[in-house]
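Structure file entry_27.cif with mmCIF, C-alpha atoms:
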data_query
#
loop_
_atom_site.label_atom_id
_atom_site.label_comp_id
_atom_site.auth_asym_id
_atom_site.auth_seq_id
_atom_site.Cartn_x
_atom_site.Cartn_y
_atom_site.Cartn_z
CA MET A 1 0.00 0.00 0.00
CA ASN A 2 1.58 3.32 -1.02
CA SER A 3 1.39 6.51 1.04
CA ARG A 4 -1.34 8.11 -1.16
CA SER A 5 -3.83 5.30 -0.74
CA LEU A 6 -3.04 5.13 2.97
CA GLN A 7 -3.79 8.87 3.26
CA THR A 8 -7.15 8.39 1.47
CA THR A 9 -8.05 5.49 3.71
CA ILE A 10 -7.26 7.52 6.82
CA ILE A 11 -9.34 10.47 5.60
CA PHE A 12 -12.33 8.16 4.89
CA LEU A 13 -11.95 6.51 8.28
CA VAL A 14 -11.79 9.89 10.09
CA VAL A 15 -14.78 11.33 8.20
CA GLY A 16 -16.71 8.08 8.64
CA GLY A 17 -15.88 8.11 12.34
CA ILE A 18 -16.99 11.71 12.74
CA LEU A 19 -20.26 10.91 10.90
CA ALA A 20 -20.80 7.81 13.00
CA LEU A 21 -20.14 9.75 16.21
CA SER A 22 -22.45 12.61 15.15
CA LEU A 23 -25.22 10.18 14.15
CA GLY A 24 -24.69 8.47 17.48
CA GLY A 25 -25.35 11.82 19.20
CA PHE A 26 -21.85 12.39 20.55
CA PHE A 27 -21.56 15.83 18.86
CA GLY A 28 -25.07 16.97 19.85
CA THR A 29 -24.48 20.63 20.78
CA ALA A 30 -21.82 21.29 18.16
CA SER A 31 -23.81 19.64 15.33
CA ARG A 32 -26.98 21.55 16.32
CA GLN A 33 -25.14 24.89 16.18
CA VAL A 34 -23.49 24.08 12.90
CA GLY A 35 -26.78 22.75 11.55
CA SER A 36 -28.75 25.85 12.57
CA VAL A 37 -26.21 28.15 10.93
CA LEU A 38 -26.37 26.08 7.78
CA ILE A 39 -30.15 26.12 7.81
CA GLU A 40 -30.23 29.87 8.25
CA ILE A 41 -27.87 30.33 5.35
CA GLN A 42 -29.98 27.90 3.30
CA THR A 43 -33.14 29.78 4.23
CA TRP A 44 -31.62 33.15 3.36
CA PHE A 45 -30.55 31.96 -0.05
CA SER A 46 -33.76 30.17 -0.68
CA SER A 47 -35.97 33.12 0.23
CA ARG A 48 -33.90 35.51 -1.86
CA PHE A 49 -34.06 33.15 -4.78
CA ILE A 50 -37.80 32.70 -4.50
CA GLY A 51 -38.22 36.48 -4.31
CA LEU A 52 -36.11 36.92 -7.40
CA GLN A 53 -37.94 34.13 -9.21
CA ASP A 54 -41.29 35.68 -8.35
CA PHE A 55 -40.10 39.05 -9.57
CA ILE A 56 -38.98 37.60 -12.87
CA THR A 57 -41.92 35.28 -13.52
CA ALA A 58 -44.73 37.37 -11.95
CA PRO A 59 -46.33 38.74 -15.16
CA ARG A 60 -46.67 35.30 -16.63
CA ASP A 61 -48.16 33.99 -13.38
CA ILE A 62 -50.81 36.74 -13.20
CA VAL A 63 -52.02 35.89 -16.66
CA SER A 64 -52.11 32.20 -15.88
CA LEU A 65 -53.75 32.88 -12.51
CA ARG A 66 -56.39 35.02 -14.12
CA THR A 67 -57.09 32.30 -16.66
CA ARG A 68 -57.23 29.74 -13.90
CA ASN A 69 -59.49 32.01 -11.85
CA THR A 70 -61.87 32.41 -14.76
CA GLU A 71 -61.93 28.66 -15.24
CA LEU A 72 -62.60 28.11 -11.55
CA GLU A 73 -65.33 30.74 -11.49
CA ALA A 74 -67.01 29.03 -14.42
CA GLN A 75 -66.66 25.73 -12.63
CA VAL A 76 -68.13 27.21 -9.42
CA SER A 77 -71.14 28.62 -11.25
CA GLN A 78 -71.63 25.28 -12.99
CA LEU A 79 -71.45 23.49 -9.65
CA GLN A 80 -73.89 25.96 -8.11
CA THR A 81 -76.34 25.23 -10.91
CA GLN A 82 -75.88 21.55 -10.27
CA VAL A 83 -76.46 22.06 -6.55
CA ILE A 84 -79.72 23.91 -7.26
CA GLU A 85 -80.84 21.20 -9.67
CA LEU A 86 -79.98 18.49 -7.19
CA GLN A 87 -81.75 20.36 -4.42
CA GLN A 88 -84.86 20.54 -6.59
CA ARG A 89 -84.59 16.83 -7.26
CA VAL A 90 -84.20 16.11 -3.57
CA ASN A 91 -87.33 18.16 -2.82
CA GLU A 92 -89.21 16.40 -5.58
CA THR A 93 -88.03 13.02 -4.35
CA GLU A 94 -89.11 13.83 -0.81
CA ILE A 95 -92.59 14.79 -2.05
CA LEU A 96 -92.80 11.66 -4.19
CA ALA A 97 -91.61 9.48 -1.31
CA ALA A 98 -94.33 10.94 0.91
CA LEU A 99 -96.91 10.31 -1.80
CA VAL A 100 -95.70 6.74 -2.27
CA ASN A 101 -95.99 6.17 1.48
CA PHE A 102 -99.48 7.61 1.39
CA SER A 103 -100.55 5.36 -1.49
CA ARG A 104 -99.06 2.32 0.28
CA SER A 105 -100.93 3.12 3.44
CA ASN A 106 -104.18 3.45 1.45
CA PRO A 107 -104.07 0.37 -0.80
CA GLU A 108 -107.83 0.39 -1.44
CA SER A 109 -107.40 3.24 -3.94
CA THR A 110 -105.31 3.39 -7.09
CA TYR A 111 -103.43 6.58 -7.73
CA LYS A 112 -101.88 8.42 -10.60
CA ALA A 113 -99.30 11.09 -9.81
CA ALA A 114 -99.46 14.39 -11.68
CA ALA A 115 -97.50 17.63 -11.60
CA VAL A 116 -99.22 20.97 -11.15
CA ILE A 117 -98.40 23.01 -14.26
CA GLY A 118 -100.63 26.03 -13.88
CA ARG A 119 -103.46 27.89 -12.25
CA ASP A 120 -106.67 29.36 -13.58
CA PRO A 121 -106.06 32.73 -15.27
CA SER A 122 -108.93 34.29 -13.31
CA PRO A 123 -108.34 35.28 -9.67
CA PHE A 124 -112.02 34.61 -8.99
CA LEU A 125 -111.56 30.87 -9.41
CA HIS A 126 -109.35 28.45 -7.50
CA TYR A 127 -108.43 25.83 -10.05
CA ILE A 128 -105.14 24.18 -10.94
CA ILE A 129 -104.02 22.50 -14.14
CA ILE A 130 -102.23 19.14 -13.97
CA ASN A 131 -100.20 17.34 -16.60
CA ARG A 132 -102.34 14.17 -16.81
CA GLY A 133 -105.40 13.79 -18.97
CA SER A 134 -107.64 11.31 -20.69
CA ASN A 135 -104.57 9.55 -22.17
CA ASP A 136 -103.78 8.53 -18.58
CA ASP A 137 -107.39 7.44 -17.88
CA ILE A 138 -108.17 10.58 -15.92
CA GLN A 139 -111.88 11.33 -15.91
CA ARG A 140 -114.09 14.16 -14.77
CA GLY A 141 -115.08 13.94 -11.11
CA MET A 142 -112.08 11.94 -9.90
CA PRO A 143 -110.80 13.14 -6.49
CA VAL A 144 -107.33 14.63 -6.23
CA VAL A 145 -105.30 14.26 -3.04
CA THR A 146 -101.82 14.53 -1.57
CA ASN A 147 -100.36 12.70 1.40
CA GLN A 148 -101.59 15.61 3.54
CA GLY A 149 -105.20 15.61 2.49
CA LEU A 150 -107.86 16.38 -0.09
CA VAL A 151 -106.99 18.80 -2.89
CA GLY A 152 -110.15 18.84 -4.99
CA ARG A 153 -111.62 17.03 -7.97
CA ILE A 154 -111.17 16.88 -11.72
CA ASP A 155 -113.37 19.45 -13.42
CA ALA A 156 -112.36 19.16 -17.08
CA VAL A 157 -110.09 16.84 -19.03
CA ILE A 158 -108.24 17.01 -22.35
CA ALA A 159 -105.80 14.47 -23.77
CA ASP A 160 -102.72 15.37 -21.74
CA ALA A 161 -103.97 17.76 -19.08
CA ALA A 162 -106.83 18.26 -16.67
CA ARG A 163 -108.29 21.09 -14.66
CA VAL A 164 -108.88 20.53 -10.95
CA GLN A 165 -111.36 22.46 -8.85
CA LEU A 166 -109.74 23.03 -5.45
CA ILE A 167 -111.69 22.65 -2.24
CA THR A 168 -110.88 26.33 -1.61
CA ASP A 169 -112.79 27.46 -4.72
CA PRO A 170 -115.75 29.71 -3.81
CA ALA A 171 -118.10 27.38 -5.68
CA SER A 172 -116.85 24.25 -3.88
CA SER A 173 -118.96 22.55 -1.21
CA ILE A 174 -118.09 19.18 0.30
CA ASN A 175 -119.95 16.98 2.72
CA VAL A 176 -117.67 16.41 5.68
CA TYR A 177 -117.62 14.55 8.96
CA LEU A 178 -116.23 15.90 12.22
CA GLN A 179 -114.45 12.97 13.76
CA ASN A 180 -114.56 13.90 17.45
CA ALA A 181 -117.95 15.54 17.42
CA GLU A 182 -119.35 12.68 15.29
CA THR A 183 -121.48 14.96 13.19
CA ASN A 184 -121.83 15.96 9.54
CA ALA A 185 -121.28 19.41 8.07
CA VAL A 186 -120.54 21.13 4.79
CA ALA A 187 -117.12 22.60 3.93
CA LEU A 188 -117.35 25.72 1.78
CA GLY A 189 -114.61 27.47 -0.16
CA SER A 190 -114.20 31.24 -0.33
CA VAL A 191 -112.67 34.09 -2.29
CA THR A 192 -109.69 34.26 0.07
CA GLY A 193 -108.84 30.58 -0.28
CA ASP A 194 -110.02 29.75 3.23
CA VAL A 195 -112.50 26.99 3.97
CA SER A 196 -115.33 27.28 6.48
CA LEU A 197 -117.79 24.78 7.89
CA ASP A 198 -121.51 25.31 7.77
CA MET A 199 -124.63 23.28 8.60
CA ILE A 200 -123.31 22.12 11.98
CA SER A 201 -126.27 21.32 14.18
CA GLN A 202 -126.85 23.71 17.11
CA ASN A 203 -126.93 20.77 19.56
CA THR A 204 -123.50 19.50 18.57
CA VAL A 205 -120.50 20.29 20.71
CA VAL A 206 -117.55 21.05 18.46
CA GLU A 207 -114.14 21.82 19.88
CA SER A 208 -111.12 23.50 18.41
CA GLY A 209 -108.80 20.92 16.85
CA ASP A 210 -111.54 18.51 15.78
CA LEU A 211 -110.45 16.62 12.68
CA ILE A 212 -112.50 17.19 9.51
CA LEU A 213 -112.80 14.29 7.04
CA THR A 214 -114.86 13.79 3.93
CA SER A 215 -118.06 11.94 4.77
CA GLY A 216 -118.66 10.43 1.34
CA LEU A 217 -122.26 11.63 1.39
CA GLY A 218 -123.53 12.72 -2.01
CA GLY A 219 -121.11 10.44 -3.80
CA GLY A 220 -118.83 13.24 -4.94
CA TYR A 221 -115.81 12.20 -2.88
CA PRO A 222 -114.66 9.04 -1.15
CA SER A 223 -114.97 9.05 2.62
CA ASP A 224 -112.25 9.65 5.22
CA LEU A 225 -110.03 12.01 3.26
CA ILE A 226 -108.49 14.63 5.54
CA ILE A 227 -109.47 18.26 5.00
CA GLY A 228 -108.21 20.00 8.12
CA GLN A 229 -109.04 20.92 11.68
CA VAL A 230 -111.60 23.15 13.32
CA VAL A 231 -110.08 26.43 14.50
CA THR A 232 -112.95 28.46 15.89
CA LEU A 233 -116.66 27.90 16.22
CA ARG A 234 -119.31 30.59 15.71
CA THR A 235 -122.61 29.95 17.43
CA LEU A 236 -125.52 32.35 17.20
CA GLU A 237 -128.71 31.42 18.98
CA TYR A 238 -131.02 32.87 16.35
CA GLU A 239 -129.41 30.88 13.53
CA LEU A 240 -130.29 27.33 12.58
CA PHE A 241 -126.73 26.06 12.33
CA GLN A 242 -123.30 26.73 13.76
CA GLU A 243 -120.36 27.78 11.61
CA ALA A 244 -116.66 27.09 12.03
CA THR A 245 -113.40 28.23 10.51
CA VAL A 246 -110.99 25.57 9.28
CA GLN A 247 -107.23 25.20 9.36
CA LEU A 248 -106.52 23.32 6.15
CA ALA A 249 -104.19 20.35 6.28
CA LEU A 250 -102.65 21.37 2.98
CA ASP A 251 -100.81 24.51 1.85
CA PHE A 252 -102.50 25.19 -1.49
CA SER A 253 -99.95 27.80 -2.51
CA ARG A 254 -97.22 25.15 -2.57
CA LEU A 255 -98.91 22.41 -4.52
CA ASN A 256 -96.40 20.77 -6.85
CA ILE A 257 -97.33 17.13 -7.19
CA VAL A 258 -100.74 15.58 -6.58
CA LEU A 259 -102.34 12.14 -6.76
CA VAL A 260 -105.51 11.43 -8.72
CA ILE A 261 -107.63 8.60 -7.33
CA THR A 262 -108.42 6.76 -10.53
CA ASN A 263 -110.63 3.97 -9.21
CA PHE A 264 -113.26 6.30 -7.78
CA ARG A 265 -116.34 7.05 -9.84
CA PRO A 266 -118.48 9.92 -8.57
CA VAL A 267 -122.17 9.14 -8.23
CA ASN A 268 -124.63 11.46 -9.93
CA ILE A 269 -127.50 11.75 -7.48
CA THR A 270 -129.32 14.50 -9.37
CA PRO A 271 -132.13 12.18 -10.55
CA LEU A 272 -132.76 11.19 -6.92
CA GLU A 273 -133.07 14.75 -5.68
CA PRO A 274 -136.68 15.83 -5.09
CA LEU A 275 -138.09 18.26 -7.62
CA PRO A 276 -139.18 21.63 -6.25
CA SER A 277 -142.90 21.66 -5.62
CA PRO A 278 -144.90 23.90 -7.96
CA MET B 1 -97.87 38.53 -42.64
CA ARG B 2 -95.89 39.52 -39.56
CA ASN B 3 -99.22 39.62 -37.73
CA ILE B 4 -98.86 35.88 -37.34
CA ILE B 5 -96.60 36.66 -34.37
CA ALA B 6 -99.89 36.89 -32.45
CA PHE B 7 -100.14 33.11 -32.07
CA PRO B 8 -96.81 32.42 -30.37
CA LEU B 9 -96.93 35.69 -28.44
CA LEU B 10 -100.44 35.25 -27.10
CA GLY B 11 -99.80 31.56 -26.47
CA LEU B 12 -96.76 32.53 -24.42
CA ALA B 13 -98.82 35.15 -22.59
CA VAL B 14 -101.42 32.55 -21.60
CA ILE B 15 -98.71 30.12 -20.49
CA LEU B 16 -97.05 32.85 -18.42
CA GLN B 17 -100.40 33.86 -16.98
CA THR B 18 -101.25 30.34 -15.81
CA SER B 19 -97.80 29.24 -14.71
CA VAL B 20 -96.10 32.39 -13.39
CA ILE B 21 -98.36 35.42 -13.01
CA GLY B 22 -101.05 33.34 -11.28
CA ARG B 23 -98.56 32.58 -8.53
CA ILE B 24 -97.49 36.20 -7.99
CA ASN B 25 -100.50 37.28 -6.03
CA LEU B 26 -101.24 40.34 -3.98
CA ILE B 27 -103.81 39.35 -1.34
CA SER B 28 -106.11 37.29 -3.59
CA GLY B 29 -105.64 39.20 -6.81
CA TYR B 30 -103.12 38.91 -9.60
CA ALA B 31 -102.33 40.63 -12.86
CA ASP B 32 -104.11 39.84 -16.11
CA LEU B 33 -101.35 39.64 -18.70
CA PRO B 34 -103.61 38.94 -21.72
CA LEU B 35 -105.76 41.94 -20.82
CA ILE B 36 -102.76 44.26 -20.60
CA LEU B 37 -101.33 42.90 -23.86
CA LEU B 38 -104.62 43.42 -25.66
CA ALA B 39 -105.03 46.93 -24.27
CA ALA B 40 -101.49 47.90 -25.28
CA TRP B 41 -101.91 46.40 -28.76
CA ALA B 42 -105.27 48.05 -29.38
CA LEU B 43 -103.83 51.43 -28.37
CA GLN B 44 -101.07 51.37 -30.99
CA GLU B 45 -101.72 53.90 -33.71
CA ARG B 46 -100.18 51.66 -36.36
CA VAL B 47 -102.44 48.72 -35.51
CA LYS B 48 -105.41 48.75 -37.82
CA SER B 49 -107.37 45.89 -36.32
CA SER B 50 -106.90 44.21 -32.99
CA TRP B 51 -110.00 42.03 -33.22
CA HIS B 52 -107.99 39.05 -34.48
CA TRP B 53 -105.77 39.21 -31.43
CA THR B 54 -108.82 39.50 -29.19
CA ALA B 55 -110.52 36.50 -30.77
CA THR B 56 -107.30 34.46 -30.41
CA ILE B 57 -106.89 35.36 -26.75
CA CYS B 58 -110.57 34.63 -26.05
CA LEU B 59 -110.17 31.21 -27.62
CA MET B 60 -107.08 30.42 -25.55
CA ILE B 61 -108.35 31.74 -22.22
CA GLY B 62 -111.79 30.22 -22.76
CA PHE B 63 -110.11 26.88 -23.28
CA VAL B 64 -107.86 27.07 -20.23
CA SER B 65 -110.07 28.82 -17.69
CA ALA B 66 -113.09 27.56 -15.81
CA MET B 67 -114.65 31.00 -16.22
CA PRO B 68 -117.83 30.88 -18.35
CA TRP B 69 -117.18 31.70 -22.02
CA PRO B 70 -119.40 34.80 -22.20
CA VAL B 71 -117.35 36.53 -19.50
CA VAL B 72 -114.10 35.96 -21.39
CA VAL B 73 -115.49 37.01 -24.78
CA VAL B 74 -117.47 40.03 -23.63
CA GLY B 75 -114.71 41.06 -21.21
CA TYR B 76 -111.79 41.07 -23.62
CA PHE B 77 -113.76 42.49 -26.54
CA GLY B 78 -115.02 45.19 -24.19
CA VAL B 79 -111.45 46.08 -23.21
CA VAL B 80 -110.44 46.39 -26.88
CA PHE B 81 -113.52 48.46 -27.62
CA VAL B 82 -112.64 50.88 -24.82
CA ALA B 83 -109.02 51.00 -26.02
CA GLN B 84 -110.04 51.88 -29.55
CA LEU B 85 -112.41 54.55 -28.31
CA LEU B 86 -109.66 56.13 -26.22
CA GLN B 87 -107.01 55.74 -28.88
CA LYS B 88 -108.83 58.19 -31.12
CA ARG B 89 -109.28 60.71 -28.33
CA ILE B 90 -106.13 60.78 -26.21
CA TRP B 91 -103.58 59.32 -28.59
CA GLN B 92 -101.12 62.10 -27.82
CA ALA B 93 -100.66 60.79 -24.27
CA PRO B 94 -100.26 57.07 -24.92
CA LEU B 95 -99.26 56.10 -21.40
CA LEU B 96 -102.23 57.94 -19.93
CA ALA B 97 -104.45 56.14 -22.41
CA MET B 98 -102.85 52.82 -21.42
CA PHE B 99 -103.49 53.43 -17.72
CA SER B 100 -107.05 54.48 -18.43
CA VAL B 101 -107.79 51.41 -20.54
CA VAL B 102 -106.22 49.04 -18.03
CA PHE B 103 -108.10 50.69 -15.19
CA VAL B 104 -111.48 50.66 -16.90
CA GLY B 105 -110.85 47.25 -18.49
CA THR B 106 -109.92 45.57 -15.21
CA LEU B 107 -112.95 47.00 -13.44
CA PHE B 108 -115.21 45.97 -16.32
CA MET B 109 -113.78 42.45 -16.46
CA HIS B 110 -114.05 41.94 -12.71
CA LEU B 111 -117.56 43.34 -12.45
CA LEU B 112 -118.61 41.08 -15.29
CA SER B 113 -116.97 38.05 -13.66
CA PHE B 114 -118.59 38.88 -10.35
CA ALA B 115 -122.02 39.30 -11.87
CA VAL B 116 -121.93 36.10 -13.93
CA LEU B 117 -120.48 33.95 -11.14
CA ARG B 118 -122.96 35.39 -8.66
CA ILE B 119 -125.86 34.63 -10.99
CA SER B 120 -124.54 31.11 -11.51
CA GLY B 121 -124.69 30.51 -7.75
CA THR B 122 -121.22 31.22 -6.36
CA PRO B 123 -121.64 32.95 -3.00
CA PHE B 124 -119.53 36.11 -3.43
CA LEU B 125 -119.71 39.27 -1.37
CA PHE B 126 -119.16 42.45 -3.39
CA SER B 127 -117.02 44.04 -0.66
CA ASP B 128 -114.80 40.92 -0.48
CA VAL B 129 -114.36 40.85 -4.23
CA MET B 130 -113.46 44.53 -4.40
CA GLY B 131 -111.09 44.51 -1.46
CA LEU B 132 -109.42 41.17 -1.93
CA ILE B 133 -109.40 40.63 -5.69
CA THR B 134 -110.20 43.69 -7.78
CA LEU B 135 -108.13 46.43 -6.11
CA PRO B 136 -104.95 44.32 -5.76
CA SER B 137 -105.36 43.10 -9.36
CA LEU B 138 -105.83 46.69 -10.49
CA LEU B 139 -102.59 47.73 -8.82
CA LEU B 140 -100.66 44.83 -10.34
CA ASN B 141 -102.13 45.48 -13.79
CA MET B 142 -101.04 49.11 -13.55
CA LEU B 143 -97.53 48.06 -12.56
CA PHE B 144 -97.26 45.66 -15.48
CA SER B 145 -98.70 48.21 -17.91
CA ILE B 146 -95.57 50.29 -18.41
CA PRO B 147 -93.10 47.56 -19.50
CA ILE B 148 -95.73 45.77 -21.56
CA TYR B 149 -96.74 48.98 -23.34
CA THR B 150 -93.11 49.64 -24.25
CA PHE B 151 -92.66 46.12 -25.54
CA ILE B 152 -95.86 46.19 -27.56
CA ARG B 153 -95.01 49.59 -29.07
CA ASP B 154 -91.75 48.16 -30.42
CA LEU B 155 -93.57 45.07 -31.61
CA ALA B 156 -96.12 47.20 -33.48
CA VAL B 157 -93.28 49.01 -35.25
CA TRP B 158 -91.87 45.63 -36.29
CA VAL B 159 -95.23 44.22 -37.41
CA TYR B 160 -96.26 47.37 -39.28
CA PRO B 161 -93.09 48.97 -40.67
CA GLU B 162 -93.13 52.64 -41.63
CA GLU B 163 -93.56 52.23 -45.40
CA GLN B 164 -96.45 49.85 -44.92
CA TYR B 165 -97.96 52.14 -42.33
CA GLU B 166 -97.87 55.13 -44.64
#
Could you render the structure from this file as structure tokens?
Amino acid sequence: MNSRSLQTTIIFLVVGGILALSLGGFFGTASRQVGSVLIEIQTWFSSRFIGLQDFITAPRDIVSLRTRNTELEAQVSQLQTQVIELQQRVNETEILAALVNFSRSNPESTYKAAAVIGRDPSPFLHYIIINRGSNDDIQRGMPVVTNQGLVGRIDAVIADAARVQLITDPASSINVYLQNAETNAVALGSVTGDVSLDMISQNTVVESGDLILTSGLGGGYPSDLIIGQVVTLRTLEYELFQEATVQLALDFSRLNIVLVITNFRPVNITPLEPLPSP
Amino acid sequence: MRNIIAFPLLGLAVILQTSVIGRINLISGYADLPLILLAAWALQERVKSSWHWTATICLMIGFVSAMPWPVVVVGYFGVVFVAQLLQKRIWQAPLLAMFSVVFVGTLFMHLLSFAVLRISGTPFLFSDVMGLITLPSLLLNMLFSIPIYTFIRDLAVWVYPEEQYE
């Protein structure tokens, strides 16, 4: 072994030993101080370099950032649209799920779902237009409901649409049954869209909160469809009947999807009604 | 030939009336878009005859609405009649004429509706109808009058260009 290779071997051994000792933690304080100085120098250079690089490349970055920003804004607006659409679908699904539950819990009737697509052009009349017609076996007189209660009945039908008279229409009158009071009455619509009860016998005790259901009398509607609850009762001694105001079970301003009971045929009792005496 | 725009325009008006305007209510009243359109059209000096538009709108509304046919026909033709009467008298103040026609037309239409429905057995109270339906509808009709008049004036210029007009 010549002197040169011996020198190299010694250097490697010394450096290796120092490294081994430092890794073993024998130079703790000294290595930390050296390391921190080195790191500070490294940081100083690095930060200056980054500053310089930013200064040199800034114009290009602003353009690219603006482009990227525009892209992201477009993406955000697209996602917002999607969120709104999905929210609408969720709402629709919730309504449909409630209607499906309702139809399952009332298996004696068959239903056809329809969307509300319009209202009568005249403010005097409370009618809605639905997107099902005679092509879907919808016929005049069929009751229309939601999971919350009675909506009305089909008034006119064309091939793909039908007009529904709401129970709030001023010309609407329905025979009803007060569940707790066990008596019959008539539910009348009004200009304001409220429903009131009339023809309640003076002897009947009616309390606030009594449930109002269709009685089925007259054959116009099936029985036991919910209409609402009694709010207040008006009793005047000189009148034949009591009157009551009704809290409807259904919000008619938010009707979106309804169910038509397709297996109900209204009964025309006109021939059975007594003729007025001359 | 450009008069054929009446069909899509009036069709759109009826669709908007049933699907949108009918849901923008003030108390129990809402605007009558076909009535305002007809009034604005009939008031245009360039328009020679607005009876075709009136017949079209009567057909459409009569088909959609549960209101008895006579009310729709007499009501809308009455509005156009009033508009044409006023057009010859106060044509120099078109917006004033528009407000007058809409005011008189709305009152006429509502009184007619009230009378016919009352006769046919619907239990209405006159005070309820005036307070809850007619006055709010009147206000909304007035509000809609200005933009619709402007739109219809431009449409009349397009349908009846100057050379044809003269």
Option closest in space to Ser196 of chain A, from A:Leu166, A:Val231, A:Ala20, A:Val246 [counting all atoms listed in the file]: A:Val246
Grab all the atoms of segment 14-29 of chain A that the file lists, wrap them in a box along x, y and z, add 5 Å per side, and give me centre plus edge lengths in Å (one decimal) as AutoDock Vina command-line options.
--center_x -18.6 --center_y 14.2 --center_z 14.5 --size_x 23.6 --size_y 22.8 --size_z 22.6
Polymer residues at most 10 Å from Leu111 of chain B, all atoms listed in the file, same-chain spacing of 3 or more positions, as a ChimeraX atom specification: /B:71,75,105-108,114-117,126,129-130,134
Separation of atom CA of Asp137 of chain A from atom CA of Gly220 of chain A, in Å and rounded to one decimal: 18.2 Å
Exercise answer, chain B residues close to chain A, 7 Å and all atoms listed in the file, as a ChimeraX atom specification: /B:17-19,22,28-30,65,122-123,133
Residues returned when the PyMOL selection byres ((chain A and resi 183) around 12) runs on this file, as a PyMOL selection string: chain A and resi 175-182+184-186+197-206+210-215+242
Residue contacts of Asn256 of chain A (12 Å, all atoms listed in the file) excluding same-chain residues fewer than 2 positions away, as JSON, numbers by chain: {"A": [88, 91, 92, 93, 94, 95, 96, 99, 113, 114, 115, 116, 117, 118, 119, 128, 129, 130, 131, 145, 146, 151, 250, 251, 252, 253, 254, 258, 259], "B": [19]}
Residues from last step as file, C-alpha atoms, as a short mmCIF file (atom, residue, chain, number, x, y, z; two decimals), keeping the file's coordinate frame:
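After the write, part_12.cif holds the following:
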data_model
loop_
_atom_site.label_atom_id
_atom_site.label_comp_id
_atom_site.auth_asym_id
_atom_site.auth_seq_id
_atom_site.Cartn_x
_atom_site.Cartn_y
_atom_site.Cartn_z
CA GLN A 88 -84.86 20.54 -6.59
CA ASN A 91 -87.33 18.16 -2.82
CA GLU A 92 -89.21 16.40 -5.58
CA THR A 93 -88.03 13.02 -4.35
CA GLU A 94 -89.11 13.83 -0.81
CA ILE A 95 -92.59 14.79 -2.05
CA LEU A 96 -92.80 11.66 -4.19
CA LEU A 99 -96.91 10.31 -1.80
CA ALA A 113 -99.30 11.09 -9.81
CA ALA A 114 -99.46 14.39 -11.68
CA ALA A 115 -97.50 17.63 -11.60
CA VAL A 116 -99.22 20.97 -11.15
CA ILE A 117 -98.40 23.01 -14.26
CA GLY A 118 -100.63 26.03 -13.88
CA ARG A 119 -103.46 27.89 -12.25
CA ILE A 128 -105.14 24.18 -10.94
CA ILE A 129 -104.02 22.50 -14.14
CA ILE A 130 -102.23 19.14 -13.97
CA ASN A 131 -100.20 17.34 -16.60
CA VAL A 145 -105.30 14.26 -3.04
CA THR A 146 -101.82 14.53 -1.57
CA VAL A 151 -106.99 18.80 -2.89
CA LEU A 250 -102.65 21.37 2.98
CA ASP A 251 -100.81 24.51 1.85
CA PHE A 252 -102.50 25.19 -1.49
CA SER A 253 -99.95 27.80 -2.51
CA ARG A 254 -97.22 25.15 -2.57
CA VAL A 258 -100.74 15.58 -6.58
CA LEU A 259 -102.34 12.14 -6.76
CA SER B 19 -97.80 29.24 -14.71
#
For segment 6-15 of chain B, where the input has fewer atoms than it should, I would like N, CA and C atoms rebuilt and written as a CSV table (one decimal), in the frame of the given file.
chain,number,residue,atom,x,y,z
B,6,ALA,N,-98.9,36.9,-33.5
B,6,ALA,CA,-99.9,36.9,-32.4
B,6,ALA,C,-100.0,35.5,-31.8
B,7,PHE,N,-99.9,34.5,-32.6
B,7,PHE,CA,-100.1,33.1,-32.1
B,7,PHE,C,-99.1,32.7,-31.0
B,8,PRO,N,-97.8,32.8,-31.4
B,8,PRO,CA,-96.8,32.4,-30.4
B,8,PRO,C,-96.8,33.4,-29.2
B,9,LEU,N,-97.0,34.7,-29.5
B,9,LEU,CA,-96.9,35.7,-28.4
B,9,LEU,C,-98.1,35.5,-27.4
B,10,LEU,N,-99.3,35.4,-28.0
B,10,LEU,CA,-100.4,35.2,-27.1
B,10,LEU,C,-100.4,33.9,-26.4
B,11,GLY,N,-99.9,32.9,-27.1
B,11,GLY,CA,-99.8,31.6,-26.5
B,11,GLY,C,-98.8,31.6,-25.3
B,12,LEU,N,-97.7,32.3,-25.5
B,12,LEU,CA,-96.8,32.5,-24.4
B,12,LEU,C,-97.4,33.3,-23.3
B,13,ALA,N,-98.2,34.3,-23.6
B,13,ALA,CA,-98.8,35.2,-22.6
B,13,ALA,C,-99.8,34.3,-21.7
B,14,VAL,N,-100.5,33.4,-22.4
B,14,VAL,CA,-101.4,32.6,-21.6
B,14,VAL,C,-100.6,31.6,-20.7
B,15,ILE,N,-99.5,31.0,-21.3
B,15,ILE,CA,-98.7,30.1,-20.5
B,15,ILE,C,-98.1,30.9,-19.3
